[in-house]
Every structure is written in C-alpha cells, then in structure tokens.
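Visitor: Below you'll find input_6.txt; it's compact mmCIF, C-alpha atoms.
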```txt
# COMPACT_ATOMS: atom_id res chain seq x y z
CA MET D 1 146.85 66.16 50.83
CA LYS D 2 148.98 68.20 48.40
CA PRO D 3 151.55 70.71 49.74
CA ASN D 4 149.57 73.61 48.28
CA GLU D 5 146.40 72.59 50.07
CA ARG D 6 148.32 72.21 53.35
CA ASP D 7 149.57 75.81 53.08
CA GLU D 8 146.00 77.14 52.51
CA ASP D 9 144.75 75.17 55.48
CA ALA D 10 147.40 76.75 57.71
CA VAL D 11 146.45 80.24 56.53
CA LEU D 12 142.76 79.56 57.22
CA SER D 13 143.60 78.24 60.66
CA GLY D 14 145.58 81.39 61.37
CA VAL D 15 142.71 83.63 60.27
CA LEU D 16 140.22 81.71 62.39
CA ARG D 17 142.48 81.96 65.46
CA ALA D 18 142.87 85.70 64.96
CA TRP D 19 139.07 86.29 64.61
CA SER D 20 137.09 87.24 67.67
CA PRO D 21 133.36 88.26 67.54
CA LYS D 22 132.55 91.86 68.42
CA ALA D 23 128.74 91.40 68.88
CA GLU D 24 127.14 92.96 72.00
CA LEU D 25 124.31 91.44 74.02
CA PRO D 26 120.96 93.20 73.80
CA ALA D 27 119.93 95.46 76.71
CA ARG D 28 118.53 93.62 79.81
CA PHE D 29 119.58 90.31 78.27
CA PRO D 30 120.29 88.66 81.67
CA ALA D 31 116.92 89.87 83.09
CA GLY D 32 115.16 88.39 80.09
CA VAL D 33 116.93 85.07 80.60
CA TRP D 34 115.92 84.99 84.26
CA ARG D 35 112.36 85.89 83.41
CA ARG D 36 112.16 83.07 80.93
CA ILE D 37 113.56 80.68 83.51
CA ALA D 38 110.96 81.92 86.04
CA ASP D 39 108.21 81.57 83.45
CA ALA D 40 109.25 78.03 82.73
CA ASP D 41 109.22 77.27 86.48
CA ALA D 42 105.77 78.85 86.91
CA GLY D 43 104.12 76.45 84.48
CA SER D 44 102.14 77.07 81.38
CA GLY D 45 98.47 76.95 82.55
CA PHE D 46 95.86 79.59 81.81
CA TRP D 47 96.32 81.49 85.07
CA ALA D 48 100.08 81.28 84.79
CA THR D 49 99.82 82.85 81.36
CA ILE D 50 97.56 85.61 82.71
CA ARG D 51 99.88 86.21 85.62
CA GLN D 52 102.91 86.40 83.34
CA TRP D 53 101.07 88.77 81.05
CA LEU D 54 100.11 90.99 83.99
CA GLU D 55 103.57 90.87 85.50
CA VAL D 56 105.16 91.99 82.29
CA ARG D 57 102.72 94.89 81.92
CA VAL D 58 102.38 96.00 85.53
CA ASN D 59 106.15 96.19 85.59
CA ARG D 60 105.78 99.33 83.51
CA PRO D 61 104.90 102.31 85.75
CA ALA D 62 102.60 103.88 83.17
CA VAL D 63 100.53 100.71 82.84
CA ALA D 64 100.41 100.28 86.62
CA GLY D 65 99.21 103.88 86.94
CA VAL D 66 96.45 103.32 84.39
CA PHE D 67 95.44 100.12 86.20
CA VAL D 68 95.19 101.89 89.58
CA ALA D 69 93.35 104.87 88.04
CA ALA D 70 90.88 102.52 86.36
CA LEU D 71 90.18 100.79 89.68
CA MET D 72 89.68 104.16 91.37
CA GLY D 73 87.29 105.20 88.60
CA LEU D 74 85.39 101.96 89.04
CA GLY D 75 85.14 102.53 92.79
CA VAL D 76 83.97 106.13 92.43
CA THR D 77 81.42 105.22 89.75
CA THR D 78 80.01 102.34 91.79
CA GLY D 79 79.85 104.49 94.93
CA TYR D 80 78.11 107.28 93.04
CA TRP D 81 75.60 104.85 91.52
CA HIS D 82 74.82 103.23 94.88
CA ALA D 83 74.46 106.65 96.50
CA ARG D 84 71.99 107.74 93.84
CA ARG D 85 69.94 104.58 94.23
CA ASP D 86 69.88 104.77 98.04
CA SER D 87 69.14 108.50 98.02
CA ALA D 88 66.23 107.98 95.65
CA GLN D 89 64.84 105.26 97.92
CA THR D 90 65.21 107.44 101.01
CA GLU D 91 63.59 110.43 99.33
CA SER D 92 60.73 108.28 98.13
CA ALA D 93 60.21 106.95 101.67
CA LEU D 94 60.25 110.48 103.14
CA GLN D 95 57.80 111.70 100.50
CA ALA D 96 55.43 108.83 101.37
CA ARG D 97 55.82 109.66 105.05
CA TYR D 98 54.90 113.29 104.46
CA LEU D 99 51.86 112.30 102.43
CA GLN D 100 50.74 109.89 105.16
CA SER D 101 51.10 112.65 107.72
CA VAL D 102 48.77 115.03 105.88
CA ASP D 103 46.34 112.71 104.12
CA PRO D 104 44.69 110.12 106.35
CA PHE D 105 42.75 108.71 103.40
CA LEU D 106 45.85 107.48 101.63
CA PRO D 107 46.31 103.73 101.87
CA ALA D 108 49.35 102.75 103.93
CA ARG D 109 52.34 102.02 101.72
CA PRO D 110 54.57 99.04 102.38
CA MET Y 1 110.05 90.32 92.23
CA ASN Y 2 107.53 90.85 89.44
CA THR Y 3 104.88 88.90 91.33
CA LYS Y 4 105.44 91.02 94.41
CA ARG Y 5 105.12 94.20 92.41
CA LEU Y 6 101.94 92.87 90.78
CA LEU Y 7 100.51 92.08 94.21
CA VAL Y 8 101.40 95.50 95.61
CA THR Y 9 99.89 97.23 92.60
CA ALA Y 10 96.71 95.16 92.81
CA LEU Y 11 96.32 95.84 96.55
CA ALA Y 12 96.98 99.54 96.08
CA GLY Y 13 94.40 99.60 93.27
CA LEU Y 14 91.80 97.84 95.42
CA ALA Y 15 92.46 100.13 98.38
CA ILE Y 16 92.10 103.22 96.18
CA ALA Y 17 88.94 101.78 94.62
CA ALA Y 18 87.47 101.21 98.11
CA LEU Y 19 88.40 104.75 99.12
CA GLY Y 20 86.86 106.13 95.94
CA TYR Y 21 83.67 104.15 96.57
CA TYR Y 22 83.43 105.38 100.17
CA ALA Y 23 84.09 108.99 99.20
CA ALA Y 24 81.55 108.98 96.35
CA TYR Y 25 78.93 107.21 98.46
CA SER Y 26 79.44 109.60 101.40
CA VAL Y 27 79.18 112.68 99.21
CA GLY Y 28 76.21 111.26 97.29
CA THR Y 29 74.18 110.39 100.39
CA ALA Y 30 75.16 113.40 102.53
CA ARG Y 31 71.95 115.27 101.76
CA CYS Y 32 69.74 112.30 102.62
CA ARG Y 33 71.65 111.57 105.81
CA SER Y 34 71.23 115.17 106.84
CA MET Y 35 67.46 114.96 106.22
CA CYS Y 36 67.13 111.69 108.12
CA GLN Y 37 69.00 113.10 111.10
CA SER Y 38 66.74 116.14 111.35
CA PRO Y 39 63.91 116.15 113.95
CA ALA Y 40 61.22 115.86 111.23
CA PRO Y 41 62.69 114.04 108.24
CA ASP Y 42 59.50 114.26 106.17
CA LEU Y 43 59.38 118.04 106.56
CA ALA Y 44 63.12 118.23 105.89
CA TRP Y 45 62.39 116.43 102.63
CA LEU Y 46 59.67 119.02 101.86
CA LYS Y 47 62.13 121.83 102.51
CA GLN Y 48 64.69 120.34 100.20
CA GLU Y 49 62.22 119.32 97.49
CA PHE Y 50 60.56 122.74 97.29
CA HIS Y 51 63.70 124.78 97.91
CA LEU Y 52 62.34 126.53 101.00
CA GLY Y 53 64.30 129.15 102.87
CA ASP Y 54 64.49 129.01 106.65
CA ALA Y 55 61.67 131.52 107.21
CA GLU Y 56 59.37 129.77 104.74
CA PHE Y 57 60.21 126.43 106.26
CA GLN Y 58 59.37 127.70 109.75
CA ARG Y 59 55.94 128.83 108.50
CA VAL Y 60 55.35 125.43 106.89
CA VAL Y 61 56.40 123.64 110.07
CA ALA Y 62 54.06 125.83 112.14
CA LEU Y 63 51.16 125.08 109.78
CA HIS Y 64 51.97 121.37 109.87
CA GLU Y 65 52.12 121.31 113.65
CA ALA Y 66 48.81 123.11 113.92
CA TYR Y 67 47.17 120.82 111.38
CA ARG Y 68 48.27 117.46 112.78
CA PRO Y 69 46.41 117.40 116.15
CA ALA Y 70 43.16 118.60 114.56
CA CYS Y 71 43.58 115.99 111.83
CA GLN Y 72 44.06 113.29 114.46
CA ASP Y 73 40.90 114.44 116.27
CA ARG Y 74 38.91 114.18 113.04
CA CYS Y 75 40.37 110.73 112.38
CA ARG Y 76 39.25 109.61 115.85
CA LEU Y 77 35.72 110.87 115.15
CA ILE Y 78 35.62 109.08 111.80
CA ASP Y 79 36.87 105.84 113.38
CA ALA Y 80 34.25 106.09 116.13
CA LYS Y 81 31.50 106.75 113.60
CA ASN Y 82 32.64 103.82 111.46
CA ALA Y 83 32.60 101.56 114.51
CA GLU Y 84 29.06 102.72 115.32
CA LEU Y 85 28.01 102.13 111.72
CA ARG Y 86 29.51 98.63 111.72
CA ALA Y 87 27.81 97.77 115.02
CA ARG Y 88 24.41 99.00 113.80
CA LEU Y 89 24.70 97.14 110.52
CA LEU Y 90 25.72 93.89 112.23
CA GLN Y 91 22.99 94.33 114.84
CA THR Y 92 20.14 94.82 112.38
CA GLY Y 93 21.51 92.96 109.34
CA ALA Y 94 19.85 95.57 107.13
CA VAL Y 95 20.37 99.13 105.94
CA THR Y 96 17.90 100.71 108.33
CA PRO Y 97 17.23 104.46 108.61
CA GLU Y 98 19.59 104.51 111.63
CA VAL Y 99 22.32 102.93 109.52
CA GLU Y 100 21.67 105.43 106.75
CA ARG Y 101 21.86 108.30 109.25
CA ALA Y 102 25.14 106.98 110.66
CA LEU Y 103 26.43 106.60 107.10
CA ALA Y 104 25.53 110.20 106.31
CA GLU Y 105 27.24 111.38 109.49
CA ALA Y 106 30.38 109.38 108.64
CA ALA Y 107 30.36 110.89 105.15
CA GLY Y 108 29.99 114.34 106.66
CA LEU Y 109 32.97 113.75 108.92
CA ARG Y 110 35.06 112.54 106.00
CA ARG Y 111 34.02 115.58 103.98
CA ASN Y 112 35.03 117.88 106.83
CA CYS Y 113 38.33 116.07 107.11
CA GLN Y 114 39.02 116.37 103.40
CA THR Y 115 38.00 120.03 103.37
CA ALA Y 116 40.41 120.77 106.22
CA MET Y 117 43.12 118.84 104.39
CA LEU Y 118 42.66 120.81 101.18
CA LYS Y 119 42.65 124.08 103.14
CA HIS Y 120 45.90 123.01 104.75
CA PHE Y 121 47.44 122.29 101.34
CA VAL Y 122 46.45 125.76 100.12
CA GLU Y 123 47.87 127.39 103.25
CA VAL Y 124 51.13 125.48 102.90
CA SER Y 125 51.39 126.40 99.22
CA ARG Y 126 50.89 130.07 100.14
CA ALA Y 127 53.67 129.86 102.71
CA MET Y 128 56.04 128.91 99.90
CA PRO Y 129 57.52 131.10 97.16
CA PRO Y 130 54.81 131.44 94.46
CA ALA Y 131 56.38 129.14 91.88
CA GLN Y 132 57.18 126.46 94.43
CA GLY Y 133 53.74 126.87 96.00
CA ARG Y 134 52.10 126.18 92.66
CA ARG Y 135 54.34 123.17 92.15
CA TYR Y 136 53.52 121.92 95.66
CA LEU Y 137 49.79 122.28 95.09
CA GLU Y 138 49.97 120.47 91.76
CA TRP Y 139 52.01 117.70 93.30
CA ILE Y 140 49.94 117.25 96.46
CA CYS Y 141 46.66 117.33 94.53
CA GLY Y 142 48.07 114.78 92.11
CA GLN Y 143 48.98 112.55 95.05
CA THR Y 144 45.82 112.93 97.12
CA LEU Y 145 43.12 113.52 94.53
CA SER Y 146 44.32 111.04 91.94
CA PRO Y 147 41.81 108.50 90.63
CA ALA Y 148 41.45 105.95 93.40
CA HIS Y 149 38.88 103.81 91.67
CA ALA Y 150 40.72 102.92 88.50
CA ALA Y 151 39.95 99.22 88.84
CA MET Y 152 36.25 99.91 89.41
CA MET Y 153 36.06 102.36 86.54
CA ALA Y 154 37.91 100.17 84.03
CA GLY Y 155 35.44 99.35 81.27
CA ALA Y 156 32.78 101.53 82.84
CA GLY Y 157 32.81 103.75 79.77
CA SER Y 158 31.00 101.07 77.78
CA VAL Y 159 28.16 101.01 80.32
CA HIS Y 160 27.92 104.58 81.56
CA VAL Y 161 28.88 107.23 79.08
CA HIS Y 162 28.88 110.57 80.85
CA GLU Y 163 28.44 113.24 78.25
CA PRO Y 164 28.90 116.81 79.38
CA ALA Y 165 25.51 118.44 79.82
CA GLY Y 166 24.79 120.77 76.98
CA HIS Y 167 23.60 124.22 77.98
```
What's the structure tokens form of this structure?
Guide:
Amino acid sequence: MKPNERDEDAVLSGVLRAWSPKAELPARFPAGVWRRIADADAGSGFWATIRQWLEVRVNRPAVAGVFVAALMGLGVTTGYWHARRDSAQTESALQARYLQSVDPFLPARP
Amino acid sequence: MNTKRLLVTALAGLAIAALGYYAAYSVGTARCRSMCQSPAPDLAWLKQEFHLGDAEFQRVVALHEAYRPACQDRCRLIDAKNAELRARLLQTGAVTPEVERALAEAAGLRRNCQTAMLKHFVEVSRAMPPAQGRRYLEWICGQTLSPAHAAMMAGAGSVHVHEPAGH
C-alpha cells in the first residue's frame, strides 16, 4: 500500500466512525413484530389464515361494529321471516277452524 | 390478545343476533298469540281479518253462538237420516221406494241446513261495516260454494255441453 492510499483509508475510517444513522422505526413496529411471531407460531393452515385475517380486521373498532351490526341485522331479518311464516300458518289454521264451525259440509282439513 | 378480542366480538355479535331474532319474532307473532289466547280464536281471527270494532264483533259473536246449537241439531238429524238410509239400503240391497223416500228426506235436511247456513252468512255480513260485509260474503261464498266436483266435472264438457236456454 502506498502512503497516499493509507492516508485516504484513515480519512474514510474517520468518516465511517463519525456517521450514525438517524432513521426512525415505523409506528407500532414492535407490535407488528410480535404479531408476526404469533402468526408464525399459530401455523399456516386455512383456518389459521382466516383467524389471522379476522383478528387483524376485528381489531379495528369500525370493522367490529359493522360485524356486530350485520349479525344483529341477520337475527332481526330471520326472526321477522319466521314470525311471518308462523303467523301465516296460524291464521290459515284459524280461518279453517272458523269455516269448519259454520259449514258442516266442508271436508275436514288435516 | 387479538384472539380474545375476536372471541368477545363474535360472542357479542351472536348474543345481539339472538336478541334481535327474539325481538323480531315476538313483535311479529304478537297479534297471532293474542288471537290464540282469546276465548274463541276463530272468531278473534274473524275480527282481525274483517277489521271489526268491538260492538260489531259482539253482534257477530251473538249470531255465531245462536247459530251453532241449531246447526249441531241439524247435523244430528242428517246423521240419523243417513244412518237410516244406510240401514235400509243394506237391508234390502236395492233402491226401494222406502230408500228413495229416506234419500229425499236426507236431501231435504241438507237443504234446510244449507239454507240456514247461507242465512247466517248474510246476517253476519250485515252485522259488519258494509264494505267488510261484502268482502266477508264474497269470501265465505267462495269457500263454501266453490266447485266441489271438479274431478267429476273434468272432461264433462265434451260429453254434456250445457248451452244457456235461448228465450
């Protein structure tokens, strides 16, 4: 090595020693790391993927609210539909009963 | 932590769905439950179906209660006459004049029964508000005087063509 090259090497070494990175970690970086570790522990099957997908989304209050509201809507709609069906059956039975009570010539209905 | 939150959210959703179902079902069947719990559910249905007020409903109930025992008496007479007819027919094995007479008497009883029934329908329709009374009469006539011999009459048109008599 020539003396000139040795001097440049010393300068470079000094610059490198003086340099320190100023980069900041992204927000919630540690939580993301832990989540990835948990995901890796949970496996990679179909249900695990679904569960991870749900966990990530349900974690958001807005999505959880929509989920709960959708279930409530499903419950109300099903209840309403069943009530309509049962009411129609009951009304039909009562109508048949009235007809039987006034018309003895009507054949008995099952 | 996320799994726990997912579980809590799912359970809360299911509980709210069950509550929603129960509430909607209860509200939706309240009217029917009320009718079924009344002393005369079939008349309660009539009240609801034809939008009767309390006074009109009381008149209909009174007519119904007066009609039923007489109707049962007529049914007993018809049953007795049918039993007599059956016994005579089985005894003789032929349509004798006695059988024919019993048949005519049974027909007369049925005619009386049907006449009383139609009179009752008219009386009930008059106890209702006019529009509902008309609707009741149309409905009850449709139910009780509908073609009862459809199977027998199917294809009869090709054999017996009943043309209206020309005057």
Visitor: Using all atoms listed in the file, I'd like every residue of chain D that has an atom within 7 Å of chain Y; please write them out as a PyMOL selection string.
Guide: chain D and resi 55+58-59+64+68+71-72+74-76+78-80+82-84+87+90-91+94-95+97-98+102-103
Visitor: Can those selected residues be exported to a file as a PDB file, in the frame of the given file so that it contains C-alpha atoms?
Guide:
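The resulting file, again.pdb, is reproduced below:
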```pdb
ATOM      1  CA  GLU D  55     103.570  90.870  85.500  1.00  0.00           C
ATOM      2  CA  VAL D  58     102.380  96.000  85.530  1.00  0.00           C
ATOM      3  CA  ASN D  59     106.150  96.190  85.590  1.00  0.00           C
ATOM      4  CA  ALA D  64     100.410 100.280  86.620  1.00  0.00           C
ATOM      5  CA  VAL D  68      95.190 101.890  89.580  1.00  0.00           C
ATOM      6  CA  LEU D  71      90.180 100.790  89.680  1.00  0.00           C
ATOM      7  CA  MET D  72      89.680 104.160  91.370  1.00  0.00           C
ATOM      8  CA  LEU D  74      85.390 101.960  89.040  1.00  0.00           C
ATOM      9  CA  GLY D  75      85.140 102.530  92.790  1.00  0.00           C
ATOM     10  CA  VAL D  76      83.970 106.130  92.430  1.00  0.00           C
ATOM     11  CA  THR D  78      80.010 102.340  91.790  1.00  0.00           C
ATOM     12  CA  GLY D  79      79.850 104.490  94.930  1.00  0.00           C
ATOM     13  CA  TYR D  80      78.110 107.280  93.040  1.00  0.00           C
ATOM     14  CA  HIS D  82      74.820 103.230  94.880  1.00  0.00           C
ATOM     15  CA  ALA D  83      74.460 106.650  96.500  1.00  0.00           C
ATOM     16  CA  ARG D  84      71.990 107.740  93.840  1.00  0.00           C
ATOM     17  CA  SER D  87      69.140 108.500  98.020  1.00  0.00           C
ATOM     18  CA  THR D  90      65.210 107.440 101.010  1.00  0.00           C
ATOM     19  CA  GLU D  91      63.590 110.430  99.330  1.00  0.00           C
ATOM     20  CA  LEU D  94      60.250 110.480 103.140  1.00  0.00           C
ATOM     21  CA  GLN D  95      57.800 111.700 100.500  1.00  0.00           C
ATOM     22  CA  ARG D  97      55.820 109.660 105.050  1.00  0.00           C
ATOM     23  CA  TYR D  98      54.900 113.290 104.460  1.00  0.00           C
ATOM     24  CA  VAL D 102      48.770 115.030 105.880  1.00  0.00           C
ATOM     25  CA  ASP D 103      46.340 112.710 104.120  1.00  0.00           C
TER      26      ASP D 103
END
```
Visitor: Between D:Ala18, D:Ile50, D:Ala69, D:Val56, which residue has the minimum interatomic distance to D:Arg36, considering only C-alpha atoms?
Guide: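 That would be D:Val56, the residue with the smallest distance to D:Arg36.
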Visitor: Could you jot down the atom CA of Y:Ala106 to atom CA of Y:Gly93 separation for me, Å, one decimal place?
Guide: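 Taking atom CA of Y:Ala106 and atom CA of Y:Gly93, their separation equals 18.7 Å.
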Visitor: For atom CA of Y:Asp79 and atom CA of Y:Ala104, determine how far apart the two atoms are, in Å to one decimal place.
Guide: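 Separation between atom CA of Y:Asp79 and atom CA of Y:Ala104: 14.1 Å.
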Visitor: Could you list, as a PyMOL selection string, every residue within 12 Å of Y:Leu103, counting all atoms listed in the file and ignoring same-chain residues fewer than 2 positions away?
Guide: chain Y and resi 78+80-89+95-101+105-110
Visitor: Would you mind reading off the distance between atom CA of Y:Val60 and atom CA of Y:Ala127, one decimal, in Å?
Guide: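 Taking atom CA of Y:Val60 and atom CA of Y:Ala127, their separation equals 6.3 Å.
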